[in-house]
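Participant: The structure file start21.cif (mmCIF, C-alpha atoms) is provided below.
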```cif
data_query
#
loop_
_atom_site.group_PDB
_atom_site.id
_atom_site.type_symbol
_atom_site.label_atom_id
_atom_site.label_comp_id
_atom_site.auth_asym_id
_atom_site.auth_seq_id
_atom_site.Cartn_x
_atom_site.Cartn_y
_atom_site.Cartn_z
ATOM 1 C CA MET A 193 -37.159 19.503 -4.798
ATOM 2 C CA ALA A 194 -37.238 15.867 -5.912
ATOM 3 C CA ASN A 195 -33.750 15.375 -4.559
ATOM 4 C CA PHE A 196 -34.790 16.856 -1.227
ATOM 5 C CA ARG A 197 -37.817 14.526 -0.965
ATOM 6 C CA PHE A 198 -35.594 11.561 -1.828
ATOM 7 C CA PHE A 199 -33.099 12.626 0.865
ATOM 8 C CA VAL A 200 -35.863 12.972 3.492
ATOM 9 C CA ARG A 201 -37.382 9.607 2.532
ATOM 10 C CA TYR A 202 -33.947 7.986 2.674
ATOM 11 C CA ARG A 203 -33.231 9.423 6.121
ATOM 12 C CA LEU A 204 -36.629 8.283 7.383
ATOM 13 C CA GLN A 205 -35.994 4.761 6.090
ATOM 14 C CA ILE A 206 -32.609 4.650 7.783
ATOM 15 C CA ALA A 207 -34.153 5.915 11.029
ATOM 16 C CA ALA A 208 -36.915 3.296 10.844
ATOM 17 C CA LEU A 209 -34.406 0.533 10.149
ATOM 18 C CA THR A 210 -32.173 1.650 13.035
ATOM 19 C CA THR A 211 -35.142 1.841 15.396
ATOM 20 C CA GLY A 212 -36.315 -1.603 14.303
ATOM 21 C CA LEU A 213 -32.890 -3.132 14.884
ATOM 22 C CA PHE A 214 -32.651 -1.474 18.300
ATOM 23 C CA VAL A 215 -36.069 -2.824 19.318
ATOM 24 C CA ALA A 216 -35.126 -6.281 18.016
ATOM 25 C CA VAL A 217 -31.932 -6.299 20.085
ATOM 26 C CA LEU A 218 -33.851 -5.228 23.194
ATOM 27 C CA LEU A 219 -36.379 -8.020 22.655
ATOM 28 C CA ILE A 220 -33.629 -10.609 22.258
ATOM 29 C CA LEU A 221 -31.927 -9.356 25.433
ATOM 30 C CA TRP A 222 -35.250 -9.534 27.296
ATOM 31 C CA VAL A 223 -36.494 -12.883 25.990
ATOM 32 C CA GLN A 224 -33.104 -14.604 25.522
ATOM 33 C CA PRO A 225 -34.733 -16.956 22.979
ATOM 34 C CA ARG A 226 -33.392 -20.443 22.642
ATOM 35 C CA TRP A 227 -32.819 -20.155 18.901
ATOM 36 C CA ALA A 228 -30.474 -17.210 19.548
ATOM 37 C CA LEU A 229 -28.692 -18.997 22.396
ATOM 38 C CA ASP A 230 -28.167 -22.071 20.215
ATOM 39 C CA ARG A 231 -26.455 -19.949 17.585
ATOM 40 C CA LEU A 232 -24.356 -18.001 20.070
ATOM 41 C CA THR A 233 -23.168 -20.959 22.172
ATOM 42 C CA PRO A 234 -20.151 -21.850 19.958
ATOM 43 C CA PHE A 235 -18.892 -18.289 20.289
ATOM 44 C CA ILE A 236 -19.647 -17.821 24.010
ATOM 45 C CA CYS A 237 -18.649 -21.197 25.449
ATOM 46 C CA PRO A 238 -18.689 -24.275 23.161
ATOM 47 C CA GLY A 239 -20.813 -27.117 24.467
ATOM 48 C CA ALA A 240 -22.355 -25.114 27.301
ATOM 49 C CA LYS A 241 -25.991 -25.661 28.227
ATOM 50 C CA PHE A 242 -28.269 -22.625 28.333
ATOM 51 C CA TYR A 243 -31.273 -24.895 28.856
ATOM 52 C CA LEU A 244 -32.097 -28.591 28.984
ATOM 53 C CA PRO A 245 -35.041 -29.563 26.761
ATOM 54 C CA THR A 246 -37.854 -31.359 28.554
ATOM 55 C CA ASP A 247 -41.625 -31.673 28.422
ATOM 56 C CA GLN A 248 -41.791 -31.893 32.200
ATOM 57 C CA PRO A 249 -42.695 -28.763 34.231
ATOM 58 C CA LEU A 250 -39.188 -28.513 35.654
ATOM 59 C CA VAL A 251 -36.729 -25.615 35.845
ATOM 60 C CA ALA A 252 -33.248 -25.560 37.329
ATOM 61 C CA LEU A 253 -32.224 -22.751 39.648
ATOM 62 C CA THR A 254 -28.539 -21.830 39.778
ATOM 63 C CA ILE A 255 -26.894 -19.418 42.218
ATOM 64 C CA ASP A 256 -23.446 -18.051 41.355
ATOM 65 C CA ASP A 257 -20.613 -16.457 43.320
ATOM 66 C CA GLY A 258 -21.267 -17.764 46.826
ATOM 67 C CA PRO A 259 -20.820 -18.427 49.538
ATOM 68 C CA ASP A 260 -21.174 -15.175 51.386
ATOM 69 C CA ASP A 261 -17.872 -14.769 53.222
ATOM 70 C CA GLN A 262 -19.582 -12.936 56.105
ATOM 71 C CA GLU A 263 -17.684 -9.711 55.621
ATOM 72 C CA ASN A 264 -21.044 -7.936 55.597
ATOM 73 C CA GLY A 265 -21.596 -7.704 59.341
ATOM 74 C CA ASP A 266 -24.906 -9.253 60.355
ATOM 75 C CA VAL A 267 -25.900 -9.976 56.747
ATOM 76 C CA ASN A 268 -25.436 -13.557 55.597
ATOM 77 C CA THR A 269 -26.947 -13.747 52.168
ATOM 78 C CA THR A 270 -26.182 -17.438 51.599
ATOM 79 C CA GLN A 271 -28.011 -18.384 54.764
ATOM 80 C CA ASN A 272 -30.970 -16.207 53.761
ATOM 81 C CA ILE A 273 -31.085 -17.787 50.301
ATOM 82 C CA LEU A 274 -31.092 -21.273 51.834
ATOM 83 C CA ARG A 275 -33.875 -20.291 54.206
ATOM 84 C CA THR A 276 -35.956 -18.919 51.334
ATOM 85 C CA LEU A 277 -35.458 -22.075 49.259
ATOM 86 C CA ALA A 278 -36.496 -24.250 52.199
ATOM 87 C CA GLU A 279 -39.675 -22.221 52.682
ATOM 88 C CA HIS A 280 -40.701 -22.927 49.098
ATOM 89 C CA ASP A 281 -39.373 -26.505 48.859
ATOM 90 C CA ALA A 282 -37.084 -25.454 45.984
ATOM 91 C CA LYS A 283 -33.668 -26.885 45.164
ATOM 92 C CA ALA A 284 -30.705 -25.156 43.546
ATOM 93 C CA THR A 285 -27.252 -25.737 42.159
ATOM 94 C CA PHE A 286 -24.804 -23.396 43.894
ATOM 95 C CA PHE A 287 -21.809 -22.489 41.741
ATOM 96 C CA LEU A 288 -19.259 -21.708 44.436
ATOM 97 C CA ILE A 289 -16.075 -19.656 44.276
ATOM 98 C CA SER A 290 -13.647 -21.624 46.398
ATOM 99 C CA SER A 291 -11.689 -18.635 47.764
ATOM 100 C CA ARG A 292 -14.879 -17.461 49.474
ATOM 101 C CA ILE A 293 -15.087 -20.597 51.598
ATOM 102 C CA THR A 294 -13.878 -19.651 55.074
ATOM 103 C CA PRO A 295 -13.939 -21.262 58.519
ATOM 104 C CA GLN A 296 -16.904 -19.009 59.308
ATOM 105 C CA ASN A 297 -19.094 -20.193 56.436
ATOM 106 C CA ARG A 298 -17.818 -23.732 55.879
ATOM 107 C CA ALA A 299 -20.770 -25.246 57.721
ATOM 108 C CA LEU A 300 -23.106 -23.656 55.181
ATOM 109 C CA ILE A 301 -21.562 -25.739 52.417
ATOM 110 C CA SER A 302 -22.349 -29.054 54.062
ATOM 111 C CA HIS A 303 -25.774 -27.654 54.989
ATOM 112 C CA MET A 304 -26.482 -26.994 51.292
ATOM 113 C CA VAL A 305 -25.849 -30.649 50.490
ATOM 114 C CA SER A 306 -27.838 -31.958 53.440
ATOM 115 C CA GLU A 307 -30.796 -29.820 52.285
ATOM 116 C CA GLY A 308 -30.739 -31.511 48.876
ATOM 117 C CA HIS A 309 -28.980 -28.778 46.943
ATOM 118 C CA GLU A 310 -26.110 -29.363 44.555
ATOM 119 C CA LEU A 311 -22.647 -27.812 44.432
ATOM 120 C CA GLY A 312 -21.016 -26.652 41.216
ATOM 121 C CA ASN A 313 -17.551 -25.364 40.342
ATOM 122 C CA HIS A 314 -17.185 -21.608 39.643
ATOM 123 C CA LEU A 315 -13.385 -21.738 39.985
ATOM 124 C CA THR A 316 -11.227 -20.034 42.609
ATOM 125 C CA VAL A 317 -11.829 -16.287 42.219
ATOM 126 C CA ASP A 318 -14.363 -14.047 40.527
ATOM 127 C CA GLU A 319 -12.588 -13.322 37.243
ATOM 128 C CA PRO A 320 -13.295 -13.928 33.542
ATOM 129 C CA SER A 321 -12.147 -17.461 32.767
ATOM 130 C CA ILE A 322 -11.589 -16.557 29.135
ATOM 131 C CA ASN A 323 -8.585 -14.449 30.209
ATOM 132 C CA LEU A 324 -6.799 -17.388 31.842
ATOM 133 C CA SER A 325 -4.167 -19.500 30.185
ATOM 134 C CA LEU A 326 -5.164 -23.114 29.706
ATOM 135 C CA THR A 327 -2.712 -24.155 32.417
ATOM 136 C CA ASP A 328 -4.142 -21.661 34.894
ATOM 137 C CA PHE A 329 -7.708 -22.600 33.960
ATOM 138 C CA LYS A 330 -7.099 -26.295 34.588
ATOM 139 C CA ALA A 331 -5.296 -25.579 37.862
ATOM 140 C CA ALA A 332 -8.119 -23.321 39.071
ATOM 141 C CA LEU A 333 -10.730 -25.900 38.113
ATOM 142 C CA GLN A 334 -8.944 -28.640 40.040
ATOM 143 C CA LEU A 335 -8.133 -26.525 43.094
ATOM 144 C CA ALA A 336 -11.676 -25.233 43.374
ATOM 145 C CA GLU A 337 -13.050 -28.768 43.113
ATOM 146 C CA GLN A 338 -10.786 -29.979 45.896
ATOM 147 C CA GLU A 339 -11.706 -27.138 48.241
ATOM 148 C CA ILE A 340 -15.433 -27.296 47.521
ATOM 149 C CA LEU A 341 -15.625 -31.051 48.070
ATOM 150 C CA THR A 342 -13.573 -30.812 51.245
ATOM 151 C CA ALA A 343 -15.999 -28.249 52.628
ATOM 152 C CA SER A 344 -19.077 -30.166 51.500
ATOM 153 C CA GLU A 345 -18.269 -33.311 53.554
ATOM 154 C CA ASN A 346 -21.163 -35.221 51.915
ATOM 155 C CA GLN A 347 -20.867 -34.563 48.174
ATOM 156 C CA THR A 348 -18.226 -36.758 46.566
ATOM 157 C CA SER A 349 -18.002 -35.230 43.090
ATOM 158 C CA LEU A 350 -18.961 -32.162 41.094
ATOM 159 C CA ALA A 351 -20.876 -32.644 37.845
ATOM 160 C CA TRP A 352 -21.207 -29.047 36.659
ATOM 161 C CA MET A 353 -18.953 -26.066 36.168
ATOM 162 C CA ARG A 354 -19.651 -22.505 35.102
ATOM 163 C CA PRO A 355 -16.751 -20.419 33.772
ATOM 164 C CA GLY A 356 -16.194 -17.014 35.295
ATOM 165 C CA SER A 357 -18.216 -14.336 33.473
ATOM 166 C CA GLY A 358 -19.789 -17.124 31.418
ATOM 167 C CA ARG A 359 -17.078 -17.286 28.753
ATOM 168 C CA CYS A 360 -14.777 -20.073 27.640
ATOM 169 C CA ASN A 361 -13.124 -21.296 24.464
ATOM 170 C CA SER A 362 -13.125 -24.750 22.878
ATOM 171 C CA ASP A 363 -9.861 -25.772 24.577
ATOM 172 C CA MET A 364 -11.269 -24.829 27.989
ATOM 173 C CA ALA A 365 -14.458 -26.729 27.218
ATOM 174 C CA GLN A 366 -12.383 -29.785 26.340
ATOM 175 C CA ILE A 367 -10.405 -29.522 29.602
ATOM 176 C CA ALA A 368 -13.638 -29.287 31.586
ATOM 177 C CA GLN A 369 -15.009 -32.337 29.810
ATOM 178 C CA GLN A 370 -11.810 -34.276 30.464
ATOM 179 C CA GLN A 371 -12.170 -33.428 34.158
ATOM 180 C CA GLY A 372 -15.675 -34.911 34.137
ATOM 181 C CA TYR A 373 -17.671 -31.695 33.938
ATOM 182 C CA LYS A 374 -20.688 -30.554 32.008
ATOM 183 C CA ILE A 375 -20.787 -26.777 31.447
ATOM 184 C CA ALA A 376 -23.897 -24.797 32.362
ATOM 185 C CA LEU A 377 -24.639 -21.197 31.523
ATOM 186 C CA GLY A 378 -28.351 -20.422 31.560
ATOM 187 C CA ALA A 379 -31.405 -18.392 30.719
ATOM 188 C CA PRO A 380 -33.396 -16.580 31.967
ATOM 189 C CA TRP A 381 -30.634 -14.427 33.384
ATOM 190 C CA PRO A 382 -32.127 -11.094 34.523
ATOM 191 C CA TYR A 383 -28.845 -9.140 34.485
ATOM 192 C CA ASP A 384 -29.023 -9.104 38.269
ATOM 193 C CA THR A 385 -25.380 -8.110 38.741
ATOM 194 C CA SER A 386 -25.931 -4.950 36.698
ATOM 195 C CA LEU A 387 -29.574 -3.929 37.182
ATOM 196 C CA PRO A 388 -30.325 -3.320 40.876
ATOM 197 C CA SER A 389 -33.998 -4.255 40.781
ATOM 198 C CA SER A 390 -35.496 -7.446 42.160
ATOM 199 C CA GLY A 391 -38.804 -6.412 40.559
ATOM 200 C CA PHE A 392 -37.237 -6.335 37.107
ATOM 201 C CA ALA A 393 -35.475 -9.636 37.754
ATOM 202 C CA ALA A 394 -38.693 -11.329 38.849
ATOM 203 C CA GLN A 395 -40.651 -10.019 35.859
ATOM 204 C CA GLN A 396 -37.945 -11.040 33.396
ATOM 205 C CA ILE A 397 -37.734 -14.563 34.802
ATOM 206 C CA LEU A 398 -41.490 -15.116 34.992
ATOM 207 C CA ALA A 399 -42.077 -13.713 31.496
ATOM 208 C CA ASN A 400 -39.527 -15.992 29.866
ATOM 209 C CA VAL A 401 -39.273 -19.175 31.927
ATOM 210 C CA GLN A 402 -40.306 -22.420 30.252
ATOM 211 C CA PRO A 403 -39.784 -26.142 30.883
ATOM 212 C CA GLY A 404 -36.070 -26.879 30.949
ATOM 213 C CA SER A 405 -34.984 -23.326 31.737
ATOM 214 C CA ILE A 406 -31.806 -22.778 33.736
ATOM 215 C CA ILE A 407 -32.381 -19.671 35.868
ATOM 216 C CA VAL A 408 -29.269 -17.688 36.801
ATOM 217 C CA LEU A 409 -29.075 -15.555 39.954
ATOM 218 C CA HIS A 410 -26.176 -14.453 42.162
ATOM 219 C CA ASP A 411 -25.065 -14.528 45.776
ATOM 220 C CA HIS A 412 -22.562 -12.258 47.520
ATOM 221 C CA GLY A 413 -21.777 -9.058 45.587
ATOM 222 C CA PRO A 414 -20.712 -5.627 46.880
ATOM 223 C CA ASP A 415 -21.829 -5.403 50.528
ATOM 224 C CA GLY A 416 -24.003 -8.462 49.931
ATOM 225 C CA ALA A 417 -26.161 -6.604 47.399
ATOM 226 C CA TRP A 418 -26.485 -9.444 44.876
ATOM 227 C CA GLY A 419 -27.404 -12.034 47.477
ATOM 228 C CA THR A 420 -29.893 -9.720 49.166
ATOM 229 C CA ARG A 421 -31.499 -9.004 45.807
ATOM 230 C CA THR A 422 -31.655 -12.729 45.037
ATOM 231 C CA VAL A 423 -33.624 -13.361 48.225
ATOM 232 C CA GLN A 424 -36.080 -10.643 47.227
ATOM 233 C CA THR A 425 -36.334 -12.027 43.698
ATOM 234 C CA LEU A 426 -36.887 -15.599 44.883
ATOM 235 C CA ASN A 427 -39.650 -14.489 47.229
ATOM 236 C CA GLN A 428 -41.457 -13.081 44.204
ATOM 237 C CA VAL A 429 -40.641 -15.815 41.703
ATOM 238 C CA LEU A 430 -40.941 -19.082 43.605
ATOM 239 C CA PRO A 431 -44.616 -18.793 44.648
ATOM 240 C CA GLN A 432 -45.632 -17.909 41.088
ATOM 241 C CA LEU A 433 -43.617 -20.766 39.593
ATOM 242 C CA GLU A 434 -45.412 -23.093 41.976
ATOM 243 C CA GLN A 435 -48.772 -21.664 40.885
ATOM 244 C CA LYS A 436 -47.797 -22.282 37.254
ATOM 245 C CA GLY A 437 -47.100 -25.921 38.112
ATOM 246 C CA TYR A 438 -43.311 -25.782 37.942
ATOM 247 C CA ARG A 439 -40.967 -27.647 40.227
ATOM 248 C CA VAL A 440 -37.612 -25.983 40.930
ATOM 249 C CA VAL A 441 -34.790 -28.527 40.913
ATOM 250 C CA THR A 442 -31.027 -28.928 40.648
ATOM 251 C CA LEU A 443 -29.232 -29.077 37.330
ATOM 252 C CA THR A 444 -28.565 -32.798 37.703
ATOM 253 C CA GLU A 445 -32.211 -33.591 38.336
ATOM 254 C CA LEU A 446 -33.243 -31.531 35.318
ATOM 255 C CA TYR A 447 -30.552 -33.226 33.245
ATOM 256 C CA ARG A 448 -31.917 -36.674 34.194
ATOM 257 C CA GLU A 449 -35.383 -35.644 33.041
ATOM 258 C CA SER A 450 -34.293 -33.869 29.859
ATOM 259 C CA SER A 451 -34.938 -35.355 26.460
#
```
Go ahead and express the file in the form of structure tokens.
Facilitator:
Amino acid sequence: MANFRFFVRYRLQIAALTTGLFVAVLLILWVQPRWALDRLTPFICPGAKFYLPTDQPLVALTIDDGPDDQENGDVNTTQNILRTLAEHDAKATFFLISSRITPQNRALISHMVSEGHELGNHLTVDEPSINLSLTDFKAALQLAEQEILTASENQTSLAWMRPGSGRCNSDMAQIAQQQGYKIALGAPWPYDTSLPSSGFAAQQILANVQPGSIIVLHDHGPDGAWGTRTVQTLNQVLPQLEQKGYRVVTLTELYRESS
């Protein structure tokens, strides 16, 4: 009987420990705390910035994977994102994939710059950068820069890059630095490419944003789904950030104000 009670107590302790660990992991995934990001950065992408510390009520907004290549019929998610940002006087850094720049959307790139937004380098195609050889990574970084700047007309250099799927190694980080780039990842990221809910995305961002946050959202996506969801998310998030006293700026502006 004593052995049975010991076995039951042992199983209950294991169950409690497992449940506690599961809840802890969920909380970390929801909050994306800075202490955890600081410890994970060397393993995810050495030297990358998940946030930029500041006492000022500033957050950077970043939009990945654009521009919309207008294969979605009447939907142009990039244009809708720009319109939404203009309505709320918010600025963003657009991490562009150069192969998605076409004659049909090229004017949008120069329009981004003229509206006070910033362009960033998200390489040439939507693929995990960590899988590239160093030679291919450097070539993609340089080619994307050339094509993005050519389309921009007004921006003369790119200050920021974001590796595909948010992963890089120390050699890639060194190449990016040698090419004059700072690497930005970011948090809050509301898993918007996997969870199809603008409501969840808005709640996750608003619950966890703080001065110096780098918010990550996405353009384009299957049938324009990510970009459409980003518009919906921004329409929920931007008014509330304004009410909280935040100003939404580009990465470079946040970097200038960071401590």
Participant: As JSON, numbers by chain, please: the residues near A:Ser450 (cut-off 8 Å, all atoms listed in the file, same-chain neighbours under 3 positions excluded).
Facilitator: {"A": [244, 245, 246, 247, 404, 446, 447]}
Participant: With the PyMOL selection byres ((chain A and resi 345) around 10) as the selection, what would be picked from this file? Answer as an MDAnalysis selection string, please.
Facilitator: chainID A and resid 298:299 301:303 305:306 340:344 346:348
Participant: For this file, the PyMOL selection byres ((chain A and resi 336) around 10) selects which residues, as a list in words?
Facilitator: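 This file, filtered by the PyMOL selection byres ((chain A and resi 336) around 10), leaves Leu288, Ile289, Ser290, Ser291, Gly312, Asn313, His314, Leu315, Thr316, Val317, Lys330, Ala331, Ala332, Leu333, Gln334, Leu335, Glu337, Gln338, Glu339, Ile340, Leu341 and Thr342 of chain A.
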Participant: Quick one: everything within 8 Å of A:Leu409, counting all atoms listed in the file, minus sequence neighbours fewer than 6 positions away in the same chain. Send it as a list of chain:residue names.
Facilitator: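 The residues that qualify are A:Leu253, A:Thr254, A:Ile255, A:Asp256, A:Trp381, A:Pro382, A:Asp384, A:Thr422.
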Participant: What is the atom CA of A:Leu277 to atom CA of A:His412 distance in Å?
Facilitator: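 Atom-to-atom, atom CA of A:Leu277 and atom CA of A:His412 are spaced 16.3 Å apart.
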Participant: Give me, as JSON lines, each residue of stretch 214-320 of chain A that comes within 6 Å of stretch 354-371 of chain A, together with its shortest interatomic pair and the distance in Å at one decimal, counting all atoms listed in the file, with rows ordered by chain and rising residue number.
Facilitator:
```
{"residue": "A:Ile236", "atom": "CA", "partner": "A:Arg359", "partner_atom": "CA", "distance": 5.4}
{"residue": "A:Cys237", "atom": "CA", "partner": "A:Cys360", "partner_atom": "CA", "distance": 4.6}
{"residue": "A:Pro238", "atom": "CA", "partner": "A:Ser362", "partner_atom": "CA", "distance": 5.6}
{"residue": "A:His314", "atom": "CA", "partner": "A:Arg354", "partner_atom": "CA", "distance": 5.2}
{"residue": "A:Glu319", "atom": "CA", "partner": "A:Gly356", "partner_atom": "CA", "distance": 5.5}
{"residue": "A:Pro320", "atom": "CA", "partner": "A:Gly356", "partner_atom": "CA", "distance": 4.6}
```
Participant: Can you measure atom CA of A:Pro388 to atom CA of A:Gly419 for me? One decimal in Å is fine.
Facilitator: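 Between atom CA of A:Pro388 and atom CA of A:Gly419 the gap works out to 11.3 Å.
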Participant: Would you mind reading off the distance between atom CA of A:Ile220 and atom CA of A:Pro249, one decimal, in Å?
Facilitator: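 Distance between the two atoms: 23.6 Å.
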Participant: To test your reading of the syntax: which residues would the PyMOL selection byres ((chain A and resi 389) around 12) return for the file shown? Reply as a list in words.
Facilitator: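 Evaluating the PyMOL selection byres ((chain A and resi 389) around 12) on these coordinates yields Pro382, Tyr383, Asp384, Thr385, Ser386, Leu387, Pro388, Ser390, Gly391, Phe392, Ala393, Ala394, Gln395, Gln396, Ala417, Trp418, Thr420, Arg421, Thr422, Val423, Gln424 and Thr425 of chain A.
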Participant: Which residue gives the smallest distance to A:Thr276 among A:Lys436, A:Ile293, A:Asn427, A:Leu443, with only C-alpha atoms counted?
Facilitator: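 The closest residue to A:Thr276 is A:Asn427.
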Participant: Contacts of A:Ala376 at 7 Å or less, counting all atoms listed in the file, minus same-chain residues fewer than 5 places along, as a ChimeraX atom specification?
Facilitator: /A:240-242,352-354
Participant: Could those residues be written to a file, using C-alpha atoms, as a PDB file, in the coordinates of the input?
Facilitator:
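Result file follows (again13.pdb):
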```
ATOM      1  CA  ALA A 240     -22.355 -25.114  27.301  1.00  0.00           C
ATOM      2  CA  LYS A 241     -25.991 -25.661  28.227  1.00  0.00           C
ATOM      3  CA  PHE A 242     -28.269 -22.625  28.333  1.00  0.00           C
ATOM      4  CA  TRP A 352     -21.207 -29.047  36.659  1.00  0.00           C
ATOM      5  CA  MET A 353     -18.953 -26.066  36.168  1.00  0.00           C
ATOM      6  CA  ARG A 354     -19.651 -22.505  35.102  1.00  0.00           C
TER       7      ARG A 354
END
```
